[in-house]
$ cat my_file-v9.cif   # mmCIF, C-alpha atoms
data_protein
#
loop_
_atom_site.label_atom_id
_atom_site.label_comp_id
_atom_site.auth_asym_id
_atom_site.auth_seq_id
_atom_site.Cartn_x
_atom_site.Cartn_y
_atom_site.Cartn_z
CA MET A 3 32.88 104.21 101.42
CA ALA A 4 32.49 106.90 104.06
CA GLN A 5 31.33 105.96 107.53
CA HIS A 6 28.01 107.39 108.66
CA ASP A 7 27.07 108.29 112.22
CA TYR A 8 23.56 106.95 112.64
CA ILE A 9 23.61 107.15 116.45
CA ASN A 10 23.68 110.94 116.80
CA LYS A 11 21.42 111.57 113.84
CA THR A 12 18.01 112.75 114.93
CA PRO A 13 15.08 111.73 112.79
CA LYS A 14 13.10 114.43 111.03
CA LYS A 15 9.82 115.23 112.68
CA LYS A 16 6.64 115.36 110.68
CA GLY A 17 5.44 118.81 109.97
CA GLN A 18 8.87 120.36 110.52
CA LYS A 19 9.64 123.06 108.02
CA LYS A 20 12.83 123.18 106.02
CA PRO A 21 15.20 125.93 107.11
CA GLN A 22 14.75 129.10 105.07
CA PRO A 23 17.77 130.48 103.22
CA LYS A 24 19.31 133.47 104.92
CA VAL A 25 18.46 136.88 103.53
CA GLN A 26 21.46 138.93 102.44
CA LYS A 27 22.10 142.01 104.49
CA PRO A 28 22.11 145.35 102.64
CA PHE A 29 25.45 146.93 101.73
CA PRO A 30 26.78 148.96 104.72
CA LYS A 31 26.73 152.43 103.12
CA VAL A 32 27.65 154.22 106.33
CA LEU A 33 30.83 152.15 106.82
CA ALA A 34 31.87 152.67 103.19
CA VAL A 35 31.48 156.48 103.51
CA PHE A 36 33.47 156.44 106.76
CA ALA A 37 36.31 154.41 105.16
CA LEU A 38 36.50 156.82 102.20
CA LEU A 39 36.66 159.81 104.58
CA LEU A 40 39.54 158.18 106.51
CA ILE A 41 41.53 157.44 103.33
CA GLY A 42 40.93 160.97 102.01
CA GLY A 43 41.99 162.51 105.34
CA PHE A 44 45.20 160.47 105.39
CA GLY A 45 46.06 161.54 101.83
CA TYR A 46 45.38 165.21 102.67
CA GLY A 47 47.61 164.94 105.75
CA LEU A 48 50.53 163.60 103.69
CA TRP A 49 50.10 166.37 101.10
CA PHE A 50 49.95 169.05 103.81
CA ILE A 51 53.17 167.83 105.48
CA LYS A 52 55.00 167.77 102.15
CA GLU A 53 53.93 171.28 101.12
CA HIS A 54 54.44 173.02 104.48
CA ALA A 55 57.74 171.40 105.52
CA ASP A 56 60.76 173.55 106.49
CA PRO A 57 63.22 173.52 103.51
CA ALA A 58 66.30 173.63 105.79
CA LYS A 59 65.22 170.49 107.62
CA VAL A 60 64.49 168.75 104.32
CA GLN A 61 68.04 169.53 103.07
CA GLN A 62 69.54 168.29 106.31
CA ALA A 63 67.57 165.00 106.15
CA GLN A 64 68.61 164.42 102.52
CA LYS A 65 72.31 164.91 103.37
CA ALA A 66 72.08 162.41 106.21
CA ALA A 67 70.41 159.89 103.93
CA GLU A 68 73.22 159.97 101.31
CA PRO A 69 75.49 156.95 101.65
CA VAL A 70 79.02 157.64 102.73
CA ALA A 71 81.68 155.62 100.95
CA VAL A 72 83.27 153.30 103.46
CA VAL A 73 86.97 152.73 102.96
CA GLU A 74 87.86 149.16 103.74
CA GLU A 75 91.26 148.50 105.19
CA LYS A 76 93.10 145.56 103.75
CA LYS A 77 93.94 143.11 106.44
CA GLU A 78 97.12 141.11 106.35
CA LEU A 79 96.68 137.45 105.65
CA PRO A 80 97.87 135.13 108.38
CA ARG A 81 101.17 133.41 107.72
CA PRO A 82 100.81 129.86 106.39
CA PRO A 83 101.49 127.02 108.84
CA SER A 84 104.94 125.45 108.77
CA PHE A 85 103.72 121.98 107.77
CA ILE A 86 102.74 123.29 104.31
CA ASP A 87 106.42 123.72 103.39
CA ASP A 88 107.19 120.27 104.78
CA MET A 89 104.46 118.71 102.63
CA LYS A 90 105.97 120.14 99.44
CA THR A 91 109.18 118.19 99.95
CA ALA A 92 107.73 115.06 101.60
CA GLU A 93 107.62 111.69 99.87
CA VAL A 94 105.02 109.02 100.54
CA GLU A 95 106.04 105.39 100.63
CA ALA A 96 103.41 102.68 100.33
CA GLU A 97 103.52 98.94 99.96
CA VAL A 98 102.00 97.56 96.81
CA LYS A 99 100.75 94.02 97.07
CA VAL A 100 100.92 91.93 93.95
CA ILE A 101 97.84 89.80 93.51
CA LYS A 102 98.79 86.33 92.47
CA SER A 103 96.74 84.72 89.78
CA ARG A 104 95.37 81.40 90.91
CA GLY A 105 95.90 79.99 87.49
CA PRO A 106 93.65 79.24 84.58
CA PHE A 107 90.01 78.37 85.23
CA GLN A 108 87.55 76.12 83.47
CA MET A 109 83.78 75.91 83.50
CA GLN A 110 81.86 72.65 83.25
CA CYS A 111 78.27 72.89 82.08
CA GLY A 112 77.10 69.33 82.37
CA SER A 113 78.15 65.72 82.56
CA PHE A 114 76.07 63.23 80.56
CA ARG A 115 75.91 59.45 80.07
CA THR A 116 75.39 59.68 76.29
CA TYR A 117 77.31 61.60 73.69
CA GLU A 118 74.06 62.86 72.09
CA GLN A 119 72.98 64.62 75.31
CA ALA A 120 76.40 66.28 75.50
CA GLU A 121 76.09 67.39 71.87
CA LYS A 122 72.69 68.99 72.58
CA ARG A 123 74.17 70.97 75.48
CA LYS A 124 77.15 72.01 73.34
CA ALA A 125 74.73 73.26 70.65
CA ARG A 126 72.75 75.34 73.17
CA ILE A 127 76.00 76.87 74.41
CA ALA A 128 77.00 77.64 70.83
CA PHE A 129 73.73 79.57 70.37
CA ALA A 130 74.87 81.80 73.25
CA GLY A 131 78.01 82.57 71.21
CA LEU A 132 80.45 80.53 73.31
CA LEU A 133 82.82 77.76 72.29
CA SER A 134 82.75 74.52 74.30
CA GLU A 135 84.25 71.05 74.02
CA ILE A 136 83.13 67.54 74.99
CA ARG A 137 85.55 65.40 77.01
CA ARG A 138 85.08 61.68 77.49
CA THR A 139 86.09 60.44 80.95
CA GLU A 140 85.96 56.98 82.45
CA GLY A 141 85.37 56.63 86.16
CA SER A 142 84.48 53.93 88.63
CA ASN A 143 80.80 54.27 87.69
CA GLY A 144 81.15 54.21 83.89
CA VAL A 145 81.72 56.58 80.97
CA TRP A 146 80.73 60.23 81.22
CA TYR A 147 80.77 62.99 78.61
CA ARG A 148 81.60 66.39 80.16
CA VAL A 149 80.85 69.69 78.40
CA ARG A 150 83.59 72.19 79.31
CA LEU A 151 84.47 75.78 78.46
CA GLY A 152 87.82 77.43 78.94
CA PRO A 153 90.59 77.96 79.83
CA TYR A 154 89.97 81.40 81.39
CA ASP A 155 92.88 83.47 82.70
CA LYS A 156 90.64 85.30 85.20
CA LYS A 157 87.74 83.99 87.20
CA ARG A 158 85.85 87.14 86.32
CA ASP A 159 85.82 86.10 82.64
CA ALA A 160 84.43 82.70 83.58
CA GLU A 161 81.73 84.36 85.75
CA SER A 162 80.79 86.61 82.84
CA ASP A 163 80.26 83.63 80.55
CA LYS A 164 78.36 81.80 83.30
CA ASN A 165 75.96 84.74 83.60
CA ARG A 166 75.55 84.76 79.84
CA LEU A 167 74.56 81.07 79.94
CA GLN A 168 72.16 81.63 82.83
CA ARG A 169 70.24 84.09 80.65
CA ILE A 170 69.47 81.24 78.22
CA LYS A 171 68.47 78.93 81.10
CA ILE A 172 71.69 76.88 81.40
CA VAL A 173 72.19 77.09 85.16
CA ASP A 174 74.17 73.98 86.10
CA CYS A 175 77.65 75.32 85.32
CA GLY A 176 80.51 75.19 87.81
CA ILE A 177 83.85 77.02 87.80
CA TRP A 178 87.10 75.58 89.16
CA GLY A 179 90.82 75.50 88.46
CA TRP A 180 92.13 74.02 85.22
CA THR A 181 93.28 70.42 85.46
#
$ encode --input "my_file-v9.cif" --output "C-alpha coordinates"
Amino acid sequence: MAQHDYINKTPKKKGQKKPQPKVQKPFPKVLAVFALLLIGGFGYGLWFIKEHADPAKVQQAQKAAEPVAVVEEKKELPRPPSFIDDMKTAEVEAEVKVIKSRGPFQMQCGSFRTYEQAEKRKARIAFAGLLSEIRRTEGSNGVWYRVRLGPYDKKRDAESDKNRLQRIKIVDCGIWGWT
(Lines of atoms letter the chains of each structure in order from A and count residues from 1; the text may use other names and numbers.)
(Lines give C-alpha, C1' and ligand atoms only; values in the text may rest on other atoms or scores of the structure.)
Protein backbone atom coordinates (compact mmCIF):
# COMPACT_ATOMS: atom_id res chain seq x y z
CA MET A 1 0.00 0.00 0.00
CA ALA A 2 1.31 3.46 -0.82
CA GLN A 3 2.62 5.67 1.95
CA HIS A 4 0.74 8.89 2.61
CA ASP A 5 2.24 12.13 3.86
CA TYR A 6 -0.18 13.35 6.50
CA ILE A 7 2.27 15.84 8.04
CA ASN A 8 2.45 18.28 5.12
CA LYS A 9 -1.18 17.92 4.18
CA THR A 10 -3.17 21.00 5.06
CA PRO A 11 -6.76 20.50 6.07
CA LYS A 12 -9.48 21.99 3.89
CA LYS A 13 -10.99 25.14 5.27
CA LYS A 14 -14.72 25.53 5.52
CA GLY A 15 -16.18 27.74 2.91
CA GLN A 16 -13.22 27.30 0.56
CA LYS A 17 -14.27 26.95 -3.04
CA LYS A 18 -13.07 24.17 -5.28
CA PRO A 19 -10.62 25.32 -7.93
CA GLN A 20 -12.33 26.15 -11.21
CA PRO A 21 -11.20 24.30 -14.34
CA LYS A 22 -9.01 26.39 -16.58
CA VAL A 23 -10.63 27.97 -19.61
CA GLN A 24 -9.05 27.01 -22.92
CA LYS A 25 -7.33 29.82 -24.72
CA PRO A 26 -8.58 30.64 -28.24
CA PHE A 27 -6.61 29.35 -31.22
CA PRO A 28 -3.74 31.79 -32.03
CA LYS A 29 -4.87 32.87 -35.51
CA VAL A 30 -2.17 35.51 -35.88
CA LEU A 31 0.65 33.00 -35.25
CA ALA A 32 -0.86 30.50 -37.70
CA VAL A 33 -1.05 33.17 -40.46
CA PHE A 34 2.55 34.21 -39.75
CA ALA A 35 3.78 30.57 -39.95
CA LEU A 36 2.00 30.05 -43.29
CA LEU A 37 3.56 33.25 -44.69
CA LEU A 38 7.04 32.06 -43.65
CA ILE A 39 6.59 28.63 -45.26
CA GLY A 40 5.20 30.20 -48.45
CA GLY A 41 8.09 32.70 -48.61
CA PHE A 42 10.65 29.92 -48.21
CA GLY A 43 9.04 27.88 -51.00
CA TYR A 44 8.95 30.93 -53.31
CA GLY A 45 12.64 31.61 -52.58
CA LEU A 46 13.62 28.06 -53.58
CA TRP A 47 11.59 28.29 -56.80
CA PHE A 48 13.12 31.67 -57.67
CA ILE A 49 16.70 30.39 -57.20
CA LYS A 50 16.00 27.35 -59.37
CA GLU A 51 14.44 29.33 -62.23
CA HIS A 52 16.92 32.23 -62.32
CA ALA A 53 20.17 30.28 -61.85
CA ASP A 54 23.07 30.67 -64.33
CA PRO A 55 23.09 27.55 -66.61
CA ALA A 56 26.91 27.52 -66.88
CA LYS A 57 27.31 27.34 -63.11
CA VAL A 58 24.70 24.58 -62.91
CA GLN A 59 26.63 22.50 -65.49
CA GLN A 60 29.88 23.06 -63.63
CA ALA A 61 28.33 21.97 -60.29
CA GLN A 62 26.86 18.82 -61.86
CA LYS A 63 30.25 17.82 -63.33
CA ALA A 64 31.92 18.23 -59.96
CA ALA A 65 29.25 16.12 -58.30
CA GLU A 66 29.77 13.12 -60.64
CA PRO A 67 31.81 10.41 -58.96
CA VAL A 68 35.21 9.74 -60.41
CA ALA A 69 36.19 6.09 -60.64
CA VAL A 70 39.07 5.50 -58.27
CA VAL A 71 41.63 3.01 -59.50
CA GLU A 72 42.90 0.94 -56.63
CA GLU A 73 46.46 -0.23 -56.79
CA LYS A 74 47.05 -3.82 -55.79
CA LYS A 75 49.46 -3.99 -52.95
CA GLU A 76 51.91 -6.81 -52.63
CA LEU A 77 51.22 -9.23 -49.84
CA PRO A 78 53.93 -9.48 -47.22
CA ARG A 79 56.10 -12.56 -47.43
CA PRO A 80 55.08 -15.34 -45.04
CA PRO A 81 57.22 -15.82 -41.93
CA SER A 82 59.88 -18.51 -42.05
CA PHE A 83 58.40 -20.60 -39.24
CA ILE A 84 55.42 -21.52 -41.46
CA ASP A 85 57.67 -23.67 -43.65
CA ASP A 86 59.22 -25.24 -40.57
CA MET A 87 55.80 -26.16 -39.20
CA LYS A 88 54.91 -28.08 -42.38
CA THR A 89 57.76 -30.51 -41.85
CA ALA A 90 57.77 -30.61 -38.03
CA GLU A 91 56.67 -33.66 -36.05
CA VAL A 92 55.15 -33.53 -32.59
CA GLU A 93 56.08 -36.15 -30.04
CA ALA A 94 53.92 -36.65 -26.97
CA GLU A 95 53.87 -39.17 -24.17
CA VAL A 96 50.73 -41.22 -23.87
CA LYS A 97 50.01 -42.54 -20.43
CA VAL A 98 48.22 -45.83 -20.22
CA ILE A 99 45.61 -45.85 -17.50
CA LYS A 100 45.78 -49.06 -15.55
CA SER A 101 42.53 -50.69 -14.66
CA ARG A 102 42.26 -51.27 -10.95
CA GLY A 103 40.55 -54.54 -11.56
CA PRO A 104 36.98 -55.70 -11.38
CA PHE A 105 34.59 -54.00 -8.97
CA GLN A 106 31.63 -55.23 -6.98
CA MET A 107 28.74 -53.47 -5.32
CA GLN A 108 27.18 -54.60 -2.06
CA CYS A 109 23.66 -53.41 -1.37
CA GLY A 110 23.02 -54.78 2.08
CA SER A 111 24.04 -57.33 4.65
CA PHE A 112 21.23 -59.04 6.56
CA ARG A 113 20.89 -61.53 9.44
CA THR A 114 18.09 -63.51 7.77
CA TYR A 115 17.88 -64.96 4.30
CA GLU A 116 14.32 -63.61 3.85
CA GLN A 117 15.48 -59.99 4.31
CA ALA A 118 18.21 -60.57 1.72
CA GLU A 119 15.64 -62.05 -0.69
CA LYS A 120 13.42 -58.96 -0.31
CA ARG A 121 16.35 -56.69 -1.18
CA LYS A 122 17.28 -58.90 -4.15
CA ALA A 123 13.67 -58.65 -5.41
CA ARG A 124 13.68 -54.84 -5.16
CA ILE A 125 16.95 -54.76 -7.11
CA ALA A 126 15.43 -57.06 -9.73
CA PHE A 127 12.56 -54.57 -10.21
CA ALA A 128 15.22 -51.99 -11.15
CA GLY A 129 16.34 -54.38 -13.91
CA LEU A 130 19.60 -55.48 -12.29
CA LEU A 131 20.86 -58.95 -11.46
CA SER A 132 22.16 -59.58 -7.93
CA GLU A 133 23.23 -62.57 -5.86
CA ILE A 134 23.06 -63.49 -2.17
CA ARG A 135 26.26 -64.69 -0.49
CA ARG A 136 26.30 -66.38 2.89
CA THR A 137 29.30 -65.44 5.05
CA GLU A 138 30.23 -66.48 8.55
CA GLY A 139 32.13 -64.07 10.72
CA SER A 140 33.08 -63.67 14.35
CA ASN A 141 29.63 -62.23 15.10
CA GLY A 142 27.49 -64.84 13.31
CA VAL A 143 26.03 -65.55 9.87
CA TRP A 144 25.33 -62.73 7.44
CA TYR A 145 23.63 -62.75 4.04
CA ARG A 146 25.17 -60.16 1.68
CA VAL A 147 23.40 -58.93 -1.47
CA ARG A 148 26.03 -58.23 -4.14
CA LEU A 149 26.09 -57.06 -7.75
CA GLY A 150 28.95 -57.44 -10.17
CA PRO A 151 31.64 -57.94 -11.28
CA TYR A 152 32.06 -54.60 -13.10
CA ASP A 153 35.09 -53.98 -15.32
CA LYS A 154 34.90 -50.20 -14.79
CA LYS A 155 33.95 -48.28 -11.70
CA ARG A 156 31.85 -46.02 -13.89
CA ASP A 157 29.53 -48.94 -14.69
CA ALA A 158 29.12 -49.68 -10.99
CA GLU A 159 28.37 -45.99 -10.28
CA SER A 160 25.75 -46.02 -13.03
CA ASP A 161 23.96 -48.97 -11.46
CA LYS A 162 24.28 -47.38 -8.01
CA ASN A 163 22.54 -44.25 -9.29
CA ARG A 164 19.83 -46.41 -10.83
CA LEU A 165 19.23 -48.05 -7.44
CA GLN A 166 19.18 -44.70 -5.65
CA ARG A 167 16.26 -43.65 -7.84
CA ILE A 168 14.19 -46.51 -6.34
CA LYS A 169 15.31 -45.57 -2.80
CA ILE A 170 18.04 -48.20 -2.29
CA VAL A 171 20.79 -45.95 -0.97
CA ASP A 172 23.00 -48.20 1.18
CA CYS A 173 25.17 -49.62 -1.63
CA GLY A 174 28.96 -49.54 -1.52
CA ILE A 175 31.48 -50.12 -4.31
CA TRP A 176 34.90 -51.74 -3.82
CA GLY A 177 37.34 -54.07 -5.52
CA TRP A 178 36.34 -57.65 -6.30
CA THR A 179 37.47 -60.22 -3.77
$ resolve_selection --input "my_file-v9.cif" --expression "the PyMOL selection byres ((chain A and resi 150) around 10)" --output "PDB file with C-alpha atoms, keeping the file's coordinate frame"
ATOM      1  CA  GLN A 108      87.550  76.120  83.470  1.00  0.00           C
ATOM      2  CA  MET A 109      83.780  75.910  83.500  1.00  0.00           C
ATOM      3  CA  GLN A 110      81.860  72.650  83.250  1.00  0.00           C
ATOM      4  CA  CYS A 111      78.270  72.890  82.080  1.00  0.00           C
ATOM      5  CA  GLY A 112      77.100  69.330  82.370  1.00  0.00           C
ATOM      6  CA  SER A 113      78.150  65.720  82.560  1.00  0.00           C
ATOM      7  CA  LYS A 124      77.150  72.010  73.340  1.00  0.00           C
ATOM      8  CA  LEU A 133      82.820  77.760  72.290  1.00  0.00           C
ATOM      9  CA  SER A 134      82.750  74.520  74.300  1.00  0.00           C
ATOM     10  CA  GLU A 135      84.250  71.050  74.020  1.00  0.00           C
ATOM     11  CA  ILE A 136      83.130  67.540  74.990  1.00  0.00           C
ATOM     12  CA  ARG A 137      85.550  65.400  77.010  1.00  0.00           C
ATOM     13  CA  TYR A 147      80.770  62.990  78.610  1.00  0.00           C
ATOM     14  CA  ARG A 148      81.600  66.390  80.160  1.00  0.00           C
ATOM     15  CA  VAL A 149      80.850  69.690  78.400  1.00  0.00           C
ATOM     16  CA  LEU A 151      84.470  75.780  78.460  1.00  0.00           C
ATOM     17  CA  GLY A 152      87.820  77.430  78.940  1.00  0.00           C
ATOM     18  CA  PRO A 153      90.590  77.960  79.830  1.00  0.00           C
ATOM     19  CA  CYS A 175      77.650  75.320  85.320  1.00  0.00           C
ATOM     20  CA  GLY A 176      80.510  75.190  87.810  1.00  0.00           C
ATOM     21  CA  ILE A 177      83.850  77.020  87.800  1.00  0.00           C
TER      22      ILE A 177
END
$ resolve_selection --input "my_file-v9.cif" --expression "the PyMOL selection byres ((chain A and resi 179) around 7)" --output "PyMOL selection string"
chain A and resi 105-108+178+180-181
$ atom_distance --input "my_file-v9.cif" --atom1 "atom CA of Glu118 of chain A" --atom2 "atom CA of Thr139 of chain A"
15.1 Å
$ atom_distance --input "my_file-v9.cif" --atom1 "atom CA of Ala55 of chain A" --atom2 "atom CA of Leu38 of chain A"
26.0 Å
$ resolve_selection --input "my_file-v9.cif" --expression "the PyMOL selection byres ((chain A and resi 126) around 12)" --output "list in words"
Cys111, Gly112, Gln119, Ala120, Glu121, Lys122, Arg123, Lys124, Ala125, Ile127, Ala128, Phe129, Ala130, Gly131, Leu132, Leu133, Ser134, Val149, Arg166, Leu167, Gln168, Arg169, Ile170, Lys171 and Ile172 of chain A
$ atom_distance --input "my_file-v9.cif" --atom1 "atom CA of Glu53 of chain A" --atom2 "atom CA of Ala37 of chain A"
24.7 Å
$ closest_residue --input "my_file-v9.cif" --among "A:Ser103, A:Val173, A:Phe114, A:Gly141" --to "Tyr154 of chain A" --atoms "only C-alpha atoms"
A:Ser103
$ axis_aligned_box --input "my_file-v9.cif" --around "segment 151-167 of chain A" --padding-each-side "4 Å" --output "JSON"
{"center_x": 83.7, "center_y": 81.5, "center_z": 82.8, "size_x": 26.3, "size_y": 19.4, "size_z": 16.7}
$ closest_residue --input "my_file-v9.cif" --among "A:Val145, A:Leu33, A:Val60, A:Ala96" --to "Thr116 of chain A" --atoms "only C-alpha atoms"
A:Val145
$ build_atoms --input "my_file-v9.cif" --residues "segment 126-142 of chain A" --atoms "N, CA, C and O atoms" --output "PDB file, in the frame of the given file"
ATOM      1  N   ARG A 126      73.402  74.227  72.464  1.00  0.00           N
ATOM      2  CA  ARG A 126      72.750  75.340  73.170  1.00  0.00           C
ATOM      3  C   ARG A 126      73.761  76.391  73.597  1.00  0.00           C
ATOM      4  O   ARG A 126      73.487  77.592  73.543  1.00  0.00           O
ATOM      5  N   ILE A 127      74.935  75.934  74.024  1.00  0.00           N
ATOM      6  CA  ILE A 127      76.000  76.870  74.410  1.00  0.00           C
ATOM      7  C   ILE A 127      76.485  77.641  73.193  1.00  0.00           C
ATOM      8  O   ILE A 127      76.780  78.841  73.268  1.00  0.00           O
ATOM      9  N   ALA A 128      76.565  76.976  72.063  1.00  0.00           N
ATOM     10  CA  ALA A 128      77.000  77.640  70.830  1.00  0.00           C
ATOM     11  C   ALA A 128      76.014  78.734  70.420  1.00  0.00           C
ATOM     12  O   ALA A 128      76.421  79.768  69.879  1.00  0.00           O
ATOM     13  N   PHE A 129      74.713  78.540  70.677  1.00  0.00           N
ATOM     14  CA  PHE A 129      73.730  79.570  70.370  1.00  0.00           C
ATOM     15  C   PHE A 129      73.926  80.815  71.229  1.00  0.00           C
ATOM     16  O   PHE A 129      73.506  81.901  70.854  1.00  0.00           O
ATOM     17  N   ALA A 130      74.557  80.650  72.384  1.00  0.00           N
ATOM     18  CA  ALA A 130      74.870  81.800  73.250  1.00  0.00           C
ATOM     19  C   ALA A 130      76.130  82.511  72.752  1.00  0.00           C
ATOM     20  O   ALA A 130      76.495  83.557  73.279  1.00  0.00           O
ATOM     21  N   GLY A 131      76.821  81.939  71.773  1.00  0.00           N
ATOM     22  CA  GLY A 131      78.010  82.570  71.210  1.00  0.00           C
ATOM     23  C   GLY A 131      79.294  82.146  71.902  1.00  0.00           C
ATOM     24  O   GLY A 131      80.307  82.832  71.794  1.00  0.00           O
ATOM     25  N   LEU A 132      79.268  81.010  72.595  1.00  0.00           N
ATOM     26  CA  LEU A 132      80.450  80.530  73.310  1.00  0.00           C
ATOM     27  C   LEU A 132      80.926  79.217  72.710  1.00  0.00           C
ATOM     28  O   LEU A 132      80.145  78.423  72.188  1.00  0.00           O
ATOM     29  N   LEU A 133      82.217  78.962  72.830  1.00  0.00           N
ATOM     30  CA  LEU A 133      82.820  77.760  72.290  1.00  0.00           C
ATOM     31  C   LEU A 133      83.045  76.775  73.430  1.00  0.00           C
ATOM     32  O   LEU A 133      83.622  77.122  74.462  1.00  0.00           O
ATOM     33  N   SER A 134      82.585  75.543  73.264  1.00  0.00           N
ATOM     34  CA  SER A 134      82.750  74.520  74.300  1.00  0.00           C
ATOM     35  C   SER A 134      83.304  73.259  73.656  1.00  0.00           C
ATOM     36  O   SER A 134      83.338  73.119  72.444  1.00  0.00           O
ATOM     37  N   GLU A 135      83.720  72.326  74.509  1.00  0.00           N
ATOM     38  CA  GLU A 135      84.250  71.050  74.020  1.00  0.00           C
ATOM     39  C   GLU A 135      83.653  69.923  74.856  1.00  0.00           C
ATOM     40  O   GLU A 135      83.231  70.129  76.000  1.00  0.00           O
ATOM     41  N   ILE A 136      83.641  68.724  74.286  1.00  0.00           N
ATOM     42  CA  ILE A 136      83.130  67.540  74.990  1.00  0.00           C
ATOM     43  C   ILE A 136      84.326  66.655  75.296  1.00  0.00           C
ATOM     44  O   ILE A 136      85.094  66.309  74.399  1.00  0.00           O
ATOM     45  N   ARG A 137      84.465  66.288  76.581  1.00  0.00           N
ATOM     46  CA  ARG A 137      85.550  65.400  77.010  1.00  0.00           C
ATOM     47  C   ARG A 137      84.954  64.087  77.500  1.00  0.00           C
ATOM     48  O   ARG A 137      84.023  64.090  78.300  1.00  0.00           O
ATOM     49  N   ARG A 138      85.522  62.999  77.041  1.00  0.00           N
ATOM     50  CA  ARG A 138      85.080  61.680  77.490  1.00  0.00           C
ATOM     51  C   ARG A 138      85.965  61.269  78.665  1.00  0.00           C
ATOM     52  O   ARG A 138      87.189  61.308  78.573  1.00  0.00           O
ATOM     53  N   THR A 139      85.331  60.891  79.781  1.00  0.00           N
ATOM     54  CA  THR A 139      86.090  60.440  80.950  1.00  0.00           C
ATOM     55  C   THR A 139      85.505  59.113  81.435  1.00  0.00           C
ATOM     56  O   THR A 139      84.288  58.890  81.359  1.00  0.00           O
ATOM     57  N   GLU A 140      86.389  58.270  81.916  1.00  0.00           N
ATOM     58  CA  GLU A 140      85.960  56.980  82.450  1.00  0.00           C
ATOM     59  C   GLU A 140      86.248  56.987  83.943  1.00  0.00           C
ATOM     60  O   GLU A 140      87.355  57.286  84.374  1.00  0.00           O
ATOM     61  N   GLY A 141      85.231  56.675  84.711  1.00  0.00           N
ATOM     62  CA  GLY A 141      85.370  56.630  86.160  1.00  0.00           C
ATOM     63  C   GLY A 141      84.946  55.294  86.699  1.00  0.00           C
ATOM     64  O   GLY A 141      84.706  54.339  85.947  1.00  0.00           O
ATOM     65  N   SER A 142      84.856  55.192  87.992  1.00  0.00           N
ATOM     66  CA  SER A 142      84.480  53.930  88.630  1.00  0.00           C
ATOM     67  C   SER A 142      83.026  53.568  88.336  1.00  0.00           C
ATOM     68  O   SER A 142      82.652  52.401  88.416  1.00  0.00           O
TER      69      SER A 142
END
